[in-house]
Structure formats: structure tokens, C-alpha cells
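One file, query_23.cif, is given below (mmCIF, C-alpha atoms).
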data_upload
loop_
_atom_site.label_atom_id
_atom_site.label_comp_id
_atom_site.auth_asym_id
_atom_site.auth_seq_id
_atom_site.Cartn_x
_atom_site.Cartn_y
_atom_site.Cartn_z
CA MET C 1 -17.64 -43.60 2.31
CA THR C 2 -14.47 -43.54 0.25
CA GLU C 3 -13.77 -45.89 -2.62
CA TRP C 4 -10.14 -47.00 -2.71
CA HIS C 5 -9.53 -45.42 -6.14
CA GLU C 6 -10.68 -42.05 -4.77
CA LYS C 7 -7.78 -42.16 -2.32
CA TYR C 8 -5.08 -44.14 -4.16
CA ASN C 9 -3.93 -44.78 -7.72
CA GLY C 10 -3.30 -48.36 -8.72
CA HIS C 11 -4.01 -51.22 -11.07
CA ARG C 12 -5.38 -54.74 -10.83
CA ILE C 13 -2.82 -57.55 -10.48
CA ASN C 14 -4.95 -60.50 -9.37
CA GLY C 15 -8.43 -61.50 -8.36
CA GLY C 16 -11.40 -63.76 -8.81
CA SER C 17 -15.15 -63.54 -8.82
CA PHE C 18 -15.30 -62.23 -5.26
CA GLY C 19 -12.28 -60.01 -4.51
CA VAL C 20 -9.71 -58.14 -6.56
CA ILE C 21 -6.11 -57.32 -5.59
CA TYR C 22 -4.64 -53.99 -6.69
CA GLU C 23 -1.09 -52.67 -6.64
CA VAL C 24 -0.85 -49.11 -5.33
CA GLU C 25 1.15 -46.51 -7.23
CA GLY C 26 4.15 -45.30 -5.23
CA MET C 27 3.61 -47.90 -2.47
CA PRO C 28 5.41 -51.07 -3.60
CA ASN C 29 5.12 -52.88 -0.27
CA VAL C 30 1.32 -52.87 0.02
CA VAL C 31 -1.70 -54.02 -1.95
CA ILE C 32 -5.42 -53.29 -1.72
CA LYS C 33 -8.07 -55.99 -1.65
CA ALA C 34 -11.51 -54.81 -2.73
CA LEU C 35 -14.87 -56.28 -3.65
CA ASN C 36 -15.10 -57.02 -7.36
CA PRO C 37 -16.76 -53.93 -8.91
CA ASP C 38 -18.45 -56.02 -11.61
CA PRO C 39 -22.15 -55.95 -10.56
CA ASP C 40 -22.68 -59.35 -12.17
CA LEU C 41 -20.01 -60.91 -9.93
CA GLY C 42 -19.95 -58.88 -6.70
CA SER C 43 -23.26 -59.87 -5.10
CA ALA C 44 -24.82 -58.46 -1.92
CA GLU C 45 -23.71 -61.63 -0.13
CA ASP C 46 -20.14 -61.09 -1.31
CA ARG C 47 -20.30 -57.50 -0.01
CA ARG C 48 -21.36 -58.78 3.42
CA ARG C 49 -18.54 -61.29 3.29
CA MET C 50 -16.01 -58.52 2.54
CA GLN C 51 -17.38 -56.37 5.35
CA ARG C 52 -17.17 -59.32 7.71
CA GLU C 53 -13.55 -59.93 6.72
CA ILE C 54 -12.61 -56.30 7.39
CA ALA C 55 -14.35 -56.37 10.79
CA ILE C 56 -12.54 -59.57 11.80
CA LEU C 57 -9.13 -58.34 10.64
CA ASN C 58 -9.73 -55.16 12.62
CA GLN C 59 -10.37 -57.25 15.73
CA LEU C 60 -7.22 -59.26 15.09
CA ASN C 61 -4.98 -56.35 14.04
CA GLY C 62 -1.63 -56.70 15.81
CA SER C 63 -2.08 -60.41 16.49
CA PRO C 64 0.88 -62.64 15.65
CA ASN C 65 0.84 -64.32 12.23
CA ILE C 66 -2.39 -62.59 11.14
CA ILE C 67 -2.20 -60.31 8.11
CA PRO C 68 -2.48 -56.70 9.38
CA ILE C 69 -4.59 -54.05 7.69
CA THR C 70 -3.33 -50.48 7.47
CA ASP C 71 -6.28 -48.68 5.86
CA TYR C 72 -9.84 -49.67 4.96
CA GLU C 73 -13.38 -48.57 4.21
CA ILE C 74 -16.06 -50.99 5.34
CA GLU C 75 -19.06 -48.97 4.09
CA ALA C 76 -17.79 -48.27 0.58
CA VAL C 77 -19.83 -49.49 -2.36
CA CYS C 78 -16.94 -51.89 -2.91
CA PRO C 79 -15.52 -52.42 0.63
CA TRP C 80 -11.72 -52.54 0.63
CA TYR C 81 -8.66 -52.76 2.83
CA MET C 82 -4.91 -52.27 2.48
CA MET C 83 -2.40 -54.90 3.62
CA PRO C 84 1.32 -55.67 3.21
CA LYS C 85 2.28 -57.23 -0.12
CA ALA C 86 3.32 -60.85 0.38
CA THR C 87 6.39 -62.38 -1.22
CA MET C 88 4.25 -65.37 -2.21
CA ASN C 89 1.59 -67.70 -0.83
CA LEU C 90 2.04 -71.25 0.42
CA SER C 91 0.93 -72.71 -2.90
CA ASP C 92 3.66 -70.74 -4.71
CA TYR C 93 6.23 -71.81 -2.11
CA VAL C 94 5.45 -75.52 -2.45
CA GLU C 95 5.47 -75.27 -6.26
CA GLN C 96 8.85 -73.56 -6.09
CA HIS C 97 10.49 -75.86 -3.52
CA GLY C 98 8.66 -79.14 -4.07
CA GLN C 99 8.01 -81.46 -1.14
CA LEU C 100 9.01 -79.71 2.09
CA ASP C 101 10.95 -81.61 4.71
CA GLU C 102 9.47 -82.25 8.13
CA GLU C 103 11.35 -79.46 9.88
CA VAL C 104 10.22 -76.79 7.42
CA THR C 105 6.66 -78.13 7.48
CA ILE C 106 6.51 -78.04 11.27
CA THR C 107 8.02 -74.54 11.45
CA LEU C 108 5.49 -73.13 8.98
CA THR C 109 2.64 -75.04 10.63
CA MET C 110 3.48 -73.62 14.05
CA GLN C 111 3.19 -70.12 12.64
CA ILE C 112 -0.19 -70.96 11.11
CA LEU C 113 -1.28 -72.35 14.49
CA THR C 114 -0.13 -69.17 16.24
CA GLY C 115 -2.35 -67.08 13.95
CA LEU C 116 -5.29 -69.44 14.43
CA GLN C 117 -4.81 -69.43 18.17
CA ALA C 118 -5.11 -65.63 18.23
CA ALA C 119 -8.37 -65.89 16.27
CA HIS C 120 -9.78 -68.76 18.34
CA GLU C 121 -9.03 -66.89 21.56
CA ILE C 122 -11.64 -64.30 20.56
CA SER C 123 -13.98 -67.00 19.21
CA ILE C 124 -13.24 -66.37 15.53
CA LEU C 125 -13.06 -69.35 13.18
CA HIS C 126 -11.34 -69.11 9.81
CA ARG C 127 -13.37 -71.85 7.99
CA ASP C 128 -11.52 -71.41 4.70
CA LEU C 129 -7.87 -72.30 5.26
CA GLY C 130 -6.00 -73.27 2.13
CA PRO C 131 -2.54 -72.74 0.62
CA HIS C 132 -3.63 -69.63 -1.28
CA ASN C 133 -4.56 -67.72 1.87
CA ILE C 134 -1.43 -68.58 3.81
CA LEU C 135 0.82 -65.65 2.88
CA LEU C 136 4.61 -65.81 3.16
CA PHE C 137 6.97 -62.88 3.71
CA GLN C 138 10.67 -63.54 3.17
CA ARG C 139 12.96 -61.35 5.26
CA PRO C 140 16.55 -60.84 4.09
CA ASP C 141 18.88 -63.52 5.48
CA ALA C 142 16.05 -65.30 7.35
CA PRO C 143 16.20 -69.08 6.87
CA LEU C 144 12.45 -69.39 6.33
CA PRO C 145 9.68 -66.94 5.49
CA ASP C 146 7.28 -65.47 8.02
CA VAL C 147 3.74 -66.82 7.76
CA TRP C 148 0.60 -64.68 7.95
CA VAL C 149 -2.91 -66.12 7.83
CA ALA C 150 -5.19 -64.10 5.54
CA ASP C 151 -8.66 -64.17 3.91
CA PHE C 152 -11.13 -64.25 6.79
CA GLY C 153 -14.09 -63.77 4.46
CA LEU C 154 -15.74 -66.93 5.77
CA GLY C 155 -14.70 -66.24 9.37
CA ARG C 156 -17.30 -65.83 12.06
CA ASP C 157 -17.80 -65.87 15.81
CA HIS C 158 -18.55 -69.54 16.49
CA LYS C 159 -20.08 -68.73 19.90
CA ARG C 160 -22.84 -66.64 18.34
CA ASN C 161 -25.84 -67.81 16.41
CA SER C 162 -24.88 -65.61 13.49
CA LYS C 163 -26.35 -66.50 10.15
CA ALA C 164 -23.90 -68.55 8.11
CA LEU C 165 -23.20 -67.73 4.50
CA THR C 166 -25.36 -69.90 2.32
CA ARG C 167 -23.10 -70.50 -0.64
CA SER C 168 -21.70 -74.05 -0.78
CA VAL C 169 -18.02 -74.68 -0.13
CA ASP C 170 -18.02 -76.54 -3.46
CA THR C 171 -18.06 -73.14 -5.20
CA HIS C 172 -15.36 -70.48 -5.30
CA LEU C 173 -15.77 -69.87 -1.55
CA GLY C 174 -13.71 -72.87 -0.47
CA HIS C 175 -10.65 -74.95 -1.23
CA ALA C 176 -12.32 -78.34 -1.49
CA SER C 177 -9.36 -80.48 -0.45
CA PHE C 178 -8.70 -78.47 2.69
CA ILE C 179 -12.25 -78.10 4.05
CA SER C 180 -13.47 -80.37 6.84
CA PRO C 181 -16.19 -82.96 6.07
CA GLU C 182 -18.73 -81.37 8.42
CA GLN C 183 -18.57 -78.12 6.47
CA TYR C 184 -19.80 -79.89 3.35
CA GLU C 185 -23.06 -80.64 5.15
CA ALA C 186 -23.41 -77.01 6.26
CA LEU C 187 -20.88 -74.24 6.62
CA ALA C 188 -22.49 -73.34 9.96
CA ASN C 189 -21.34 -76.72 11.35
CA ALA C 190 -17.77 -75.42 11.52
CA ASN C 191 -16.02 -75.36 14.88
CA ILE C 192 -12.45 -75.14 16.18
CA GLN C 193 -11.84 -78.74 15.08
CA SER C 194 -12.79 -77.74 11.52
CA ASP C 195 -9.87 -75.32 11.37
CA ILE C 196 -7.64 -78.01 12.89
CA TYR C 197 -8.68 -80.41 10.10
CA SER C 198 -7.53 -77.79 7.58
CA VAL C 199 -4.17 -77.54 9.36
CA GLY C 200 -3.73 -81.30 8.93
CA ALA C 201 -4.56 -80.98 5.23
CA LEU C 202 -2.07 -78.14 4.83
CA MET C 203 0.65 -80.23 6.52
CA THR C 204 -0.07 -83.11 4.14
CA TYR C 205 0.14 -80.75 1.19
CA MET C 206 3.46 -79.30 2.37
CA VAL C 207 5.13 -82.68 2.95
CA THR C 208 3.87 -84.32 -0.26
CA GLY C 209 3.30 -81.40 -2.61
CA LYS C 210 0.03 -83.06 -3.62
CA ASP C 211 -3.71 -82.90 -3.00
CA PRO C 212 -4.16 -83.95 0.65
CA LEU C 213 -7.24 -86.04 -0.21
CA ARG C 214 -5.42 -88.00 -2.88
CA THR C 215 -2.08 -88.76 -1.28
CA ARG C 216 -0.54 -90.25 1.84
CA ILE C 217 2.40 -89.03 3.89
CA GLU C 218 5.29 -91.50 3.96
CA SER C 219 6.87 -90.25 7.17
CA GLY C 220 6.37 -90.07 10.92
CA LEU C 221 4.06 -87.08 10.49
CA LEU C 222 1.40 -89.40 9.07
CA ASP C 223 0.00 -90.25 12.51
CA ILE C 224 -0.31 -86.58 13.43
CA THR C 225 -2.05 -85.56 10.19
CA LEU C 226 -4.43 -88.53 10.44
CA GLU C 227 -5.40 -87.40 13.93
CA LEU C 228 -5.92 -83.82 12.78
CA MET C 229 -8.02 -85.01 9.81
CA GLN C 230 -10.28 -87.48 11.61
CA GLN C 231 -13.73 -87.64 10.00
CA ASN C 232 -15.37 -87.22 13.39
CA PRO C 233 -14.52 -83.73 14.72
CA LYS C 234 -14.68 -84.98 18.32
CA ARG C 235 -11.70 -87.22 17.66
CA ARG C 236 -9.48 -84.35 16.54
CA PRO C 237 -7.29 -82.39 18.99
CA ALA C 238 -9.29 -80.09 21.25
CA ASP C 239 -7.54 -76.86 20.27
CA THR C 240 -4.45 -75.33 18.69
CA GLN C 241 -2.44 -75.71 21.89
CA ALA C 242 -2.97 -79.46 21.74
CA VAL C 243 -1.54 -79.47 18.20
CA PHE C 244 1.45 -77.39 19.34
CA THR C 245 2.10 -80.00 22.02
CA MET C 246 1.87 -82.85 19.51
CA LEU C 247 4.35 -81.20 17.15
CA GLU C 248 6.81 -80.25 19.89
CA GLN C 249 6.69 -83.79 21.25
CA TYR C 250 7.24 -85.19 17.76
CA LEU C 251 10.33 -83.03 17.30
CA ARG C 252 11.72 -84.49 20.51
CA ILE C 253 11.19 -88.15 19.69
CA ARG C 254 11.49 -88.33 15.89
CA ASN C 255 15.24 -89.07 16.01
CA PRO C 256 15.97 -91.52 18.83
CA GLN C 257 19.69 -91.52 17.95
CA ARG C 258 19.99 -87.76 18.39
CA ILE C 259 22.51 -86.61 20.99
CA ARG C 260 21.25 -83.60 22.93
CA SER C 261 23.24 -80.39 22.57
CA SER C 262 24.34 -78.37 25.58
CA ILE C 263 23.59 -74.66 25.65
CA GLN C 264 27.31 -74.02 25.15
CA GLU C 265 27.39 -76.23 22.03
CA ILE C 266 24.33 -74.47 20.61
CA GLY C 267 25.95 -71.10 21.29
CA PHE C 268 29.18 -72.11 19.56
CA GLU C 269 27.40 -73.35 16.41
CA PHE C 270 25.13 -70.31 16.29
CA GLN C 271 28.16 -68.03 16.46
CA VAL C 272 29.44 -69.67 13.27
CA LYS C 273 26.22 -70.35 11.32
CA ARG C 274 23.80 -67.72 12.75
CA THR C 275 20.92 -70.17 12.32
CA LEU C 276 19.41 -72.95 14.45
CA THR C 277 18.38 -76.46 13.50
CA HIS C 278 15.10 -77.80 14.82
CA GLU C 279 16.98 -80.09 17.18
CA GLN C 280 18.85 -77.08 18.57
CA VAL C 281 15.58 -75.15 18.90
CA VAL C 282 14.08 -78.02 20.91
CA ASP C 283 17.13 -78.31 23.17
CA LEU C 284 17.42 -74.54 23.64
CA SER C 285 13.70 -74.29 24.37
CA ASP C 286 14.01 -77.02 26.98
CA TYR C 287 16.89 -75.18 28.62
CA LEU C 288 15.25 -71.74 28.58
CA THR C 289 11.82 -72.87 29.78
CA LYS C 290 12.67 -75.52 32.38
CA ASN C 291 11.36 -74.92 35.89
CA ASN C 292 14.57 -74.72 37.88
CA ARG C 293 14.11 -73.07 41.24
CA ILE C 294 17.71 -72.90 42.34
CA TYR C 295 17.54 -70.76 45.47
CA THR C 296 16.53 -72.60 48.64
CA GLY C 297 17.32 -69.96 51.25
CA GLY C 298 20.39 -68.60 52.99
CA ASN C 299 23.33 -66.87 51.39
CA GLN C 300 23.25 -68.61 48.04
CA GLY C 301 23.42 -65.68 45.66
CA ASP C 302 26.45 -67.07 43.91
CA LEU C 303 24.56 -70.33 43.23
CA THR C 304 21.70 -68.61 41.37
CA TYR C 305 24.02 -66.30 39.49
CA ASP C 306 26.57 -68.96 38.53
CA THR C 307 24.00 -71.61 37.64
CA TYR C 308 21.30 -69.56 35.90
CA PHE C 309 22.43 -66.08 34.84
CA GLU C 310 26.07 -66.57 33.92
CA PRO C 311 25.39 -69.27 31.25
CA LEU C 312 22.83 -66.93 29.66
CA LEU C 313 25.20 -63.96 29.69
CA ASN C 314 27.89 -66.05 28.00
CA LEU C 315 25.68 -66.88 25.01
CA PRO C 316 26.54 -65.24 21.66
CA PRO C 317 24.75 -61.92 21.09
CA GLY C 318 21.50 -62.40 19.22
CA LEU C 319 21.01 -66.10 20.00
CA VAL C 320 18.05 -65.76 22.37
CA LEU C 321 16.53 -63.00 20.23
CA THR C 322 16.77 -65.22 17.14
CA TRP C 323 15.22 -68.10 19.09
CA ALA C 324 12.36 -65.93 20.38
CA GLN C 325 11.72 -64.06 17.14
CA ASP C 326 12.19 -66.72 14.47
CA TYR C 327 11.75 -70.16 16.03
CA ALA C 328 10.04 -70.35 19.43
CA SER C 329 6.30 -70.55 19.99
CA PRO C 330 4.79 -67.53 21.83
CA GLU C 331 4.04 -69.83 24.77
CA ASN C 332 7.71 -70.79 25.11
CA VAL C 333 8.80 -67.15 24.97
CA GLU C 334 6.34 -66.30 27.76
CA THR C 335 7.52 -69.27 29.81
CA PHE C 336 11.15 -68.20 29.42
CA LEU C 337 10.26 -64.70 30.67
CA ASP C 338 8.40 -66.27 33.60
CA ARG C 339 11.50 -68.30 34.52
CA PHE C 340 13.77 -65.27 34.12
CA GLU C 341 11.50 -63.24 36.39
CA GLU C 342 11.50 -66.00 39.02
CA GLN C 343 15.30 -66.08 39.11
CA LEU C 344 15.52 -62.27 39.11
CA GLU C 345 13.22 -62.08 42.12
CA GLN C 346 15.27 -64.72 43.89
CA ILE C 347 18.61 -63.04 43.28
CA ALA C 348 17.27 -59.67 44.44
CA TYR C 349 17.06 -61.08 47.96
CA GLN C 350 20.42 -62.84 47.93
CA THR C 351 23.97 -61.88 48.75
CA ARG C 352 27.39 -63.15 47.69
CA TRP C 353 27.07 -62.21 44.06
CA THR C 354 28.53 -59.07 42.49
CA PHE C 355 25.71 -56.57 42.30
CA ARG C 356 27.29 -54.74 39.36
CA SER C 357 26.41 -57.87 37.37
CA MET C 358 22.82 -56.56 37.33
CA TYR C 359 23.96 -54.26 34.52
CA PHE C 360 24.74 -57.31 32.37
CA ILE C 361 21.56 -59.11 33.42
CA CYS C 362 19.42 -56.14 32.34
CA ASP C 363 21.45 -55.69 29.16
CA PHE C 364 20.82 -59.34 28.32
CA ILE C 365 17.06 -59.17 28.73
CA MET C 366 16.98 -55.88 26.79
CA SER C 367 18.31 -57.82 23.80
CA LEU C 368 14.70 -59.03 23.37
CA PHE C 369 13.31 -55.48 23.39
CA ASP C 370 13.07 -55.54 19.61
CA ILE C 371 9.97 -57.75 19.95
CA ASP C 372 6.89 -55.57 20.48
CA LYS C 373 4.93 -58.35 22.17
CA VAL C 374 7.34 -58.58 25.11
CA LYS C 375 8.23 -54.90 25.63
CA GLY C 376 5.82 -54.64 28.56
CA ARG C 377 7.23 -57.73 30.28
CA ILE C 378 10.81 -56.56 29.83
CA THR C 379 9.91 -53.11 31.19
CA SER C 380 8.47 -54.80 34.26
CA LEU C 381 11.66 -56.83 34.80
CA VAL C 382 13.96 -53.81 34.47
CA ALA C 383 11.71 -51.58 36.59
CA TYR C 384 11.58 -54.27 39.26
CA ALA C 385 15.38 -54.44 39.39
CA TYR C 386 15.71 -50.66 39.64
CA SER C 387 12.98 -50.40 42.27
CA ARG C 388 14.85 -52.98 44.36
CA GLY C 389 17.79 -50.57 44.54
CA PHE C 390 19.88 -51.90 41.67
CA GLY C 391 21.06 -48.67 40.09
CA GLU C 392 22.80 -50.75 37.44
CA ALA C 393 19.39 -51.14 35.79
CA SER C 394 19.20 -47.39 35.11
CA ILE C 395 20.79 -47.57 31.63
CA SER C 396 18.19 -50.08 30.43
CA LEU C 397 15.35 -48.22 32.14
CA ASN C 398 16.50 -44.97 30.53
CA ARG C 399 16.43 -46.58 27.08
CA ILE C 400 12.85 -47.71 27.70
CA VAL C 401 11.35 -44.45 28.97
CA ILE C 402 12.95 -42.11 26.41
CA GLY C 403 12.15 -44.35 23.44
CA ARG C 404 9.66 -43.46 20.73
CA TYR C 405 6.99 -46.10 20.00
CA GLU C 406 4.53 -46.02 17.11
CA ASP C 407 2.25 -48.77 18.43
CA ASN C 408 -0.19 -47.45 21.05
CA ASP C 409 -0.63 -50.91 22.55
CA VAL C 410 3.12 -51.06 23.21
CA VAL C 411 3.02 -47.63 24.89
CA ILE C 412 0.15 -48.74 27.12
CA LYS C 413 1.91 -51.97 28.11
CA ILE C 414 5.11 -50.12 29.01
CA ALA C 415 3.18 -47.46 30.95
CA ARG C 416 1.27 -50.12 32.90
CA ALA C 417 4.51 -51.91 33.73
CA LEU C 418 6.02 -48.66 35.02
CA ALA C 419 2.88 -47.88 37.01
CA LYS C 420 3.34 -51.08 39.06
CA TYR C 421 6.34 -49.40 40.71
CA ALA C 422 4.96 -45.85 40.88
CA ASP C 423 4.99 -45.89 44.68
CA ARG C 424 8.74 -46.55 44.92
CA ASP C 425 10.65 -43.38 45.83
CA ASN C 426 13.66 -44.23 43.68
CA MET C 427 11.43 -44.80 40.65
CA LYS C 428 9.65 -41.48 41.21
CA SER C 429 12.99 -39.71 41.44
CA PHE C 430 14.18 -41.43 38.28
CA MET C 431 11.08 -40.39 36.31
CA ASP C 432 11.23 -36.84 37.64
CA ASP C 433 14.86 -36.64 36.57
CA LYS C 434 14.00 -37.94 33.08
CA SER C 435 10.80 -35.91 32.64
CA SER C 436 12.32 -33.60 30.03
CA SER C 437 13.45 -36.48 27.79
CA VAL C 438 10.43 -38.80 28.19
CA ARG C 439 8.55 -38.67 24.88
CA HIS C 440 5.30 -40.44 25.73
CA ALA C 441 3.06 -38.67 28.23
CA ALA C 442 1.63 -42.03 29.30
CA PHE C 443 4.94 -42.85 31.00
CA MET C 444 4.79 -39.69 33.11
CA ASP C 445 1.05 -40.11 33.71
CA ALA C 446 1.81 -43.46 35.36
CA TYR C 447 3.43 -41.46 38.21
CA LEU C 448 0.69 -38.87 38.75
#
Can the structure in the file be given as C-alpha cells, please?
Amino acid sequence: MTEWHEKYNGHRINGGSFGVIYEVEGMPNVVIKALNPDPDLGSAEDRRRMQREIAILNQLNGSPNIIPITDYEIEAVCPWYMMPKATMNLSDYVEQHGQLDEEVTITLTMQILTGLQAAHEISILHRDLGPHNILLFQRPDAPLPDVWVADFGLGRDHKRNSKALTRSVDTHLGHASFISPEQYEALANANIQSDIYSVGALMTYMVTGKDPLRTRIESGLLDITLELMQQNPKRRPADTQAVFTMLEQYLRIRNPQRIRSSIQEIGFEFQVKRTLTHEQVVDLSDYLTKNNRIYTGGNQGDLTYDTYFEPLLNLPPGLVLTWAQDYASPENVETFLDRFEEQLEQIAYQTRWTFRSMYFICDFIMSLFDIDKVKGRITSLVAYAYSRGFGEASISLNRIVIGRYEDNDVVIKIARALAKYADRDNMKSFMDDKSSSVRHAAFMDAYL
């Protein structure tokens, strides 16, 4: 058991009766959160809460929009963990900017939902969402900050009959205006719809800048927040995906006079401004995710290439990466990759298109390789093209297999994608030829 101060030097910068935040000497981009060492304040129940939070964050480490932990000690007298230092929290952001417009509110909300979805998928509820535990990280030149959900001290597996913490949400454990009504009766009553209620309260707070229980939204988002904050949990949306759908639909219909932008128009504006409006995100998402099975048989290779691939290849560099990394929901990114794979499989069997264009097709999809979450999928697409005899894919495949990756999950996903084509002679020859420059043994092991 190692106390944080036995390993790091630092000083207190913030904290309450339960947890304390410390800056770490020589490490300006991280902070440590630890149980309050004051024996009169840090109770045994608080210690269990801190241990629970560390365990949950460990389960969720690497999940999108969930605060990651980089070091921790769960059995210390004062359990602690290290995390990135946020630029600010949502409360600070609203105080600084005032009432947020609908587009900003929806963008931030979708990131909160993405984090919640990752937790709900492994049956973890947050139960304590409020503006102080929504952390914001501002990247240079990014139009809006990244959102990370933090403070899972009240989180628990809602599918287990685990004992709920007994302290009332009226005390320091909760943010009263953001907690669902059923949790006032008993914290153990919380379910997925309880977290969804809190999302509605956060949206109200962002749009109005006021206490969500003492104000009313004067915009089209009112209907959505009222549905999310229904008194009866059964009348709220079933899950986070249902809320995503509501928000995406609202973006489509909120401006009936809006003229849709073509992909060429979006590309031209992006080339100048390097940012996307919400309307452009909606239109681009529609274009990239639509189910458009072009090939119907015969010698129609030019049809698939001209209609699907060429418009993508003509987009300004960085547009699709910016869409995928900064604006699109994870579901839309996955759907786009599904559609791309469908068209790639179709074109592999067609003629009458210039096969050297496969170089540009692979180069285009490799533009998304900066995103860890999709590295495995992109590897699969490039390996598929090479295994089908398209030597033009070799440059992209070479970049993948000789790369150095710090995240073990990424290495495993790439290795598994390569292993799918381990029985192809051209892939075996390629890996044998690159064996001296391949840095991760897992990539070679996929061919044993």
C-alpha cells in the first residue's frame, strides 16, 4: 500500500469533505484525487466510496469521454488516483460563457451521453451527474472543449444487488438540482433513466445558465428536456441511444428553412474555415452513413468508383478526420466504416476502374488512423485490399505494421485484424518481408 505523498510531491488545490485534489510537482498536466486525510471527515463509508470509484474508473479506462486514470492505489489508507488536469468543469464554462446556444449544448451533451453509454454498457450507473463532475479539456484551435465524465463515487452495477450507500443525496454526496426524484426516496432506486434525468437537467442548465429546477427553457429543446426529466422514470427515454436519436432528429428539423449543403459545398467551406457548423455535421453525417449499395452486378466498377469513392477522395484533407474526431457520434463513425467496407468489397470484384486508384482509397481511409478506436477497423480494410491482390495497399499496410503503439488494446485490435488474413499467401509474404521492421511481436504472432 502506497500513499500518494510517498510517491509524489504536491500540494492541495481543491477539495471538500470527501475528496481532495492535489497538484503534482513537476507534472503540470495531471492531478491526484485522494480521500480526505482528516479522520473527522474521511469516514469508512467515504473510503469505500473512493475505492468503488477507482474500481469503476479502472473498468472504464480507455472508454470515450470517461476521465482516464494513470496511477492509483486502492488499498491505501487514503485511496487515491491520478488523472489528467482539466481546463475547467462545466459549471466554470457556463459561468464564463453565460447561456450556451443550442448547438453548443447539444455537442457537449452528446459527449456526456457517449461517456454514459460506455458505463451503461457494462451496467455501471453514475448516479451523481452534475456540472462540477463534467470536466472540460480545451485543445488548441478546437472550436469546443472535449468532455470527460468524472466522479463515479456513487456509481454502481445496477444489475447487482449491491448495498447502496446510505448517506442521503441531500448532503454533500449529490447535486440536488440534478438528481432524479426517485433517488431522493432511496439512492438504490437509481436506474439508467435516473442518469438520463440528470442529462436533461444538465441541458437545461447549459441553455439557461440557471438552476434546472427553478427555470424553464425558452427554445425548441424544452420538449426534449421535459421528456428526459419526467417524474416517472418509465416515461423517460429507454437508454442513451434513444437520447442520441432525439437530439440528432432535433438538429435535422429545428430549422425548416435550412437549405441542405452538398458534400462539395461542405468541403469548400471547410477548406476556408477549418470548422463545421452543426447543420454541416448533420448533412455530412447523412452523406457518410447513408446505405447506398451502388453495385448491382456486371461490369460496373466505374459506377461504384465514380459515385462513391471519387467524391470522398476529392474532399479537403482532414475533413472526415475532423468530423469523426470532433463532431460525429461513435455510432455514426462505425456506420461510415461499415459503408466504406461494403463499397470496398464491392469494388474488389469489379472491373472498369483504374486499380492504381486503390492507393488513393487506402490513403484516404488511413487519414482516420489517428483515432485509436478505429485503428483495428482500418487495419482490416487495408489488409483486405492487399489480400485481394491490390499491391497499391502496401504503403498503408507497411505504415500500420511497422508503427509503434503505446496502447495494448490498440496492438491487440490491429493484430486480430491482421490475423483474419493470415492464410493469404501474399499477406504471409508481406509479413515475412517486413519481419525485421515490425516492432510489435503480436503482429508477427498473428502469422504463426
Answer key for the PyMOL selection byres ((chain C and resi 50) around 12), residues as a PyMOL selection string: chain C and resi 18-20+33-36+42-49+51-57+72-81+151-155+165
Pick from C:Ile13, C:Leu125, C:Ile134, C:Ile196 nearest to Gln111 in chain C, counting all atoms listed in the file: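 Smallest separation from Gln111 in chain C among the options: C:Ile134.
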Result set of the PyMOL selection byres ((chain C and resi 98) around 10) on the coordinates above, as a ChimeraX atom specification: /C:92-97,99-101,206-210
Between CA of Gln193 in chain C and CA of Leu135 in chain C - distance in Å to one decimal: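 Taking CA of Leu135 in chain C as the start and CA of Gln193 in chain C as the end point, the length is 21.9 Å.
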Nearby residues (only C-alpha atoms) at most 9 Å from range 225-237 of chain C, same-chain spacing under 3 positions excluded, as JSON, numbers by chain: {"C": [180, 181, 182, 191, 192, 193, 194, 196, 197, 198, 199, 200, 201, 203, 204, 217, 221, 222, 240, 241, 242, 243]}
Ground truth for the PyMOL selection byres ((chain C and resi 344) around 12), written as a PyMOL selection string: chain C and resi 293-295+301+304-305+308-309+337-343+345-350+357-358+361-362+365+378+380-386+388+390
Residues within 9 Å of Thr275 in chain C, all atoms listed in the file, excluding chain neighbours under 3 positions, as a ChimeraX atom specification: /C:142-143,269-272,319,322
For Leu368 in chain C: contacts at 10 Å, all atoms listed in the file, fewer than 5 positions along chain excluded, given as a list in words: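 Close residues of Leu368 in chain C: Gly318, Val320, Leu321, Thr322, Ala324, Gln325, Asp363, Lys373, Val374, Lys375 and Ile378 of chain C.
The interatomic distance for the pair CA of Ile112 in chain C and CA of Gln59 in chain C works out to 17.7 Å.
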Select from range 376-424 of chain C every residue with an atom at most 6 Å from any atom of range 432-446 of chain C, then for each give the shortest pair of atoms and their distance in Å to one decimal, using only C-alpha atoms, rows by chain and rising number, as CSV.
residue,atom,partner,partner_atom,distance
C:Val401,CA,C:Val438,CA,5.8
C:Ile402,CA,C:Val438,CA,4.5
C:Ala415,CA,C:Phe443,CA,4.9
C:Ala419,CA,C:Ala446,CA,4.8
Separation of CA of Asp283 in chain C from CA of Gln249 in chain C, in Å and rounded to one decimal: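 Between these atoms lies a distance of 11.9 Å.
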Answer as a list in words, residues within 8 Å of (-2.8, -68.3, 6.1) using all atoms listed in the file: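 Applying the cut-off with all atoms listed in the file, one gets Ile66, Ile112, Gly115, Leu129, Gly130, Pro131, His132, Asn133, Ile134, Leu135, Val147, Trp148, Val149, Ala150 and Asp151 of chain C.
Closest approach to Gly62 in chain C among C:Leu108, C:Arg12, C:Ala118, C:Arg416: C:Ala118, based on all atoms listed in the file.
Closest approach to Tyr421 in chain C among C:Ile21, C:Ile266, C:Ser387, C:Leu276 is made by C:Ser387 (distances from all atoms listed in the file).
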